[in-house]
Amino acid sequence: LTPTTQTPVTTSNQQQRGFDFDARKIGTMVRPSLFSIVGLLSTSGTYAFSTIGHHSPPLTSLSAVSPESKNQGGRICVSGTQPQPQQRREFVIQSIATALIPSVILSPFAESAFAEEDQPATATSDDTTTIDPSIDLPKITQRAYLDIKFPKYKEPKRLVIGLFGDVMPQTVENFLALSNSSNDVSYNGATFYRVLSGMSIQGGAIGNLSGKTGTSSLPSGKPFSPDNYKIRHTAQGLVSAVRTATGDIDSRFFVQTEGDAGWADDRYAAFGIVLEEEGTGGMDLVRRISKVDVKPPQNSPKEPVLIVGCGVL
């Protein structure tokens, strides 16, 4: 078995994180902006109300100005119309209070509105050792296959995946169970529901063609926590579990198409890698899938990319 690896490119993880896998979480930008806008509007309102009665009347002639105020330090001013120090202090206090109160009131609602924001995951193991598969590939303990059919091929092509059972035992067990077509719940009939060119292909949403949810091999298909996040995303062809909003995993997975996917580190659990075997599609099949025509907004293939068979080798 010859796993496909590639020397990592020099792009930093911070640069890659700009293209985060979920493409998508604007809550961290919207929330501060919301409070800032509310504060500014509140301050403007306070200013408008606090200055009522303090505007200078139209100056039609110097005769309307009191003699003692015609020239103060070279400035012409209207007597009695300048805000006093006490008034300025009250305006500042009112502005601060009016800006803060809406923020405090809106805070719980903002938290609930962004409660499903995809937060960075944390490993479930106390062992923080990381594994770089481009340097030291974890031991492949089992193999599974997916037979994939899409318009560019008249016949299905086989994708063989080597699994890291020693490092990711529960996650691998779940994938193996779903790869067994004799089970009631399997990948047979599922699709590749999203294609992100230059990043990944995503599939395996059992029971949901849109890819919003999946079904695990556990009773009732409930999601579960992955074993750990030790394996770095430094090799093309890595297979990782797609996360739910709570950080759990089900049947969904993605195949990494590039050698450096630092955006996925500590967020998505890698558990296998595409193998190059004679008579199988390997990474050539993955690249072909990554180039199919897609439709917005989910980047779903215009023509279905189907898993028409699966099994354990």
# chains A, B, ... in the order shown; residues from 1 in each chain; ligands from 1
>>> residues_around(residues="A:Gly165", least_positions_apart="5", cutoff="7 Å", atoms="only C-alpha atoms", output="MDAnalysis selection string")
chainID A and resid 140:142 172
>>> write_last_selection(atoms="all heavy atoms", output="PDB file, in the first residue's frame")
ATOM      1  N   ILE A 140      -1.492   1.932   9.381  1.00  0.00           N
ATOM      2  CA  ILE A 140      -2.785   1.623   8.785  1.00  0.00           C
ATOM      3  C   ILE A 140      -3.214   0.244   9.280  1.00  0.00           C
ATOM      4  O   ILE A 140      -2.553  -0.765   9.012  1.00  0.00           O
ATOM      5  CB  ILE A 140      -2.710   1.658   7.247  1.00  0.00           C
ATOM      6  CG1 ILE A 140      -2.423   3.095   6.782  1.00  0.00           C
ATOM      7  CG2 ILE A 140      -3.994   1.132   6.620  1.00  0.00           C
ATOM      8  CD1 ILE A 140      -2.184   3.218   5.296  1.00  0.00           C
ATOM      9  N   THR A 141      -4.311   0.216  10.005  1.00  0.00           N
ATOM     10  CA  THR A 141      -4.757  -1.032  10.643  1.00  0.00           C
ATOM     11  C   THR A 141      -5.870  -1.729   9.865  1.00  0.00           C
ATOM     12  O   THR A 141      -6.012  -2.948   9.961  1.00  0.00           O
ATOM     13  CB  THR A 141      -5.258  -0.735  12.063  1.00  0.00           C
ATOM     14  OG1 THR A 141      -6.314   0.241  12.001  1.00  0.00           O
ATOM     15  CG2 THR A 141      -4.136  -0.185  12.938  1.00  0.00           C
ATOM     16  N   GLN A 142      -6.673  -0.975   9.134  1.00  0.00           N
ATOM     17  CA  GLN A 142      -7.749  -1.546   8.320  1.00  0.00           C
ATOM     18  C   GLN A 142      -7.895  -0.746   7.028  1.00  0.00           C
ATOM     19  O   GLN A 142      -7.392   0.374   6.924  1.00  0.00           O
ATOM     20  CB  GLN A 142      -9.098  -1.520   9.066  1.00  0.00           C
ATOM     21  CG  GLN A 142      -9.187  -2.445  10.270  1.00  0.00           C
ATOM     22  CD  GLN A 142      -8.928  -1.709  11.574  1.00  0.00           C
ATOM     23  OE1 GLN A 142      -8.691  -0.514  11.582  1.00  0.00           O
ATOM     24  NE2 GLN A 142      -8.969  -2.436  12.677  1.00  0.00           N
ATOM     25  N   VAL A 172     -12.541   5.232  13.719  1.00  0.00           N
ATOM     26  CA  VAL A 172     -12.318   4.221  12.680  1.00  0.00           C
ATOM     27  C   VAL A 172     -13.394   3.136  12.754  1.00  0.00           C
ATOM     28  O   VAL A 172     -13.914   2.681  11.727  1.00  0.00           O
ATOM     29  CB  VAL A 172     -10.912   3.609  12.818  1.00  0.00           C
ATOM     30  CG1 VAL A 172     -10.791   2.321  12.001  1.00  0.00           C
ATOM     31  CG2 VAL A 172      -9.853   4.613  12.370  1.00  0.00           C
TER      32      VAL A 172
END
>>> atom_distance(atom1="atom CA of A:Tyr229", atom2="atom CA of A:Met168")
9.1 Å
>>> select_by_dssp(residues="stretch 212-264 of chain A", states="strand (DSSP E)", output="count of residues only")
14
>>> atom_distance(atom1="atom CA of A:Lys302", atom2="atom CA of A:Ala264")
26.1 Å
>>> closest_residue(among="A:Leu196, A:Ala205, A:Leu137, A:Leu176", to="A:Val292", atoms="only C-alpha atoms")
A:Leu196
>>> residues_around(residues="A:Phe175", least_positions_apart="3", cutoff="10 Å", atoms="only C-alpha atoms", output="VMD selection string")
chain A and resid 144 163 170 to 172 178 to 180 186 to 187 204 216 to 217 241 250 to 253 271 to 272 312
>>> closest_residue(among="A:Ser134, A:Ser182, A:Thr213, A:Asn174", to="A:Gly311", atoms="only C-alpha atoms")
A:Ser182
>>> closest_residue(among="A:Glu258, A:Glu278, A:Asp265, A:Asp248", to="A:Arg232", atoms="only C-alpha atoms")
A:Asp265
>>> select_by_dssp(residues="stretch 166-204 of chain A", states="alpha helix (DSSP H)", output="PyMOL selection string")
chain A and resi 169-179
>>> atom_distance(atom1="atom CA of A:Val274", atom2="atom CA of A:Leu218")
24.6 Å
>>> closest_residue(among="A:Ile135, A:Val195, A:Ile273, A:Val160", to="A:Arg287", atoms="only C-alpha atoms")
A:Val195
>>> closest_residue(among="A:Arg243, A:Arg143, A:Lys222, A:Arg158", to="A:Gly279", atoms="only C-alpha atoms")
A:Arg158
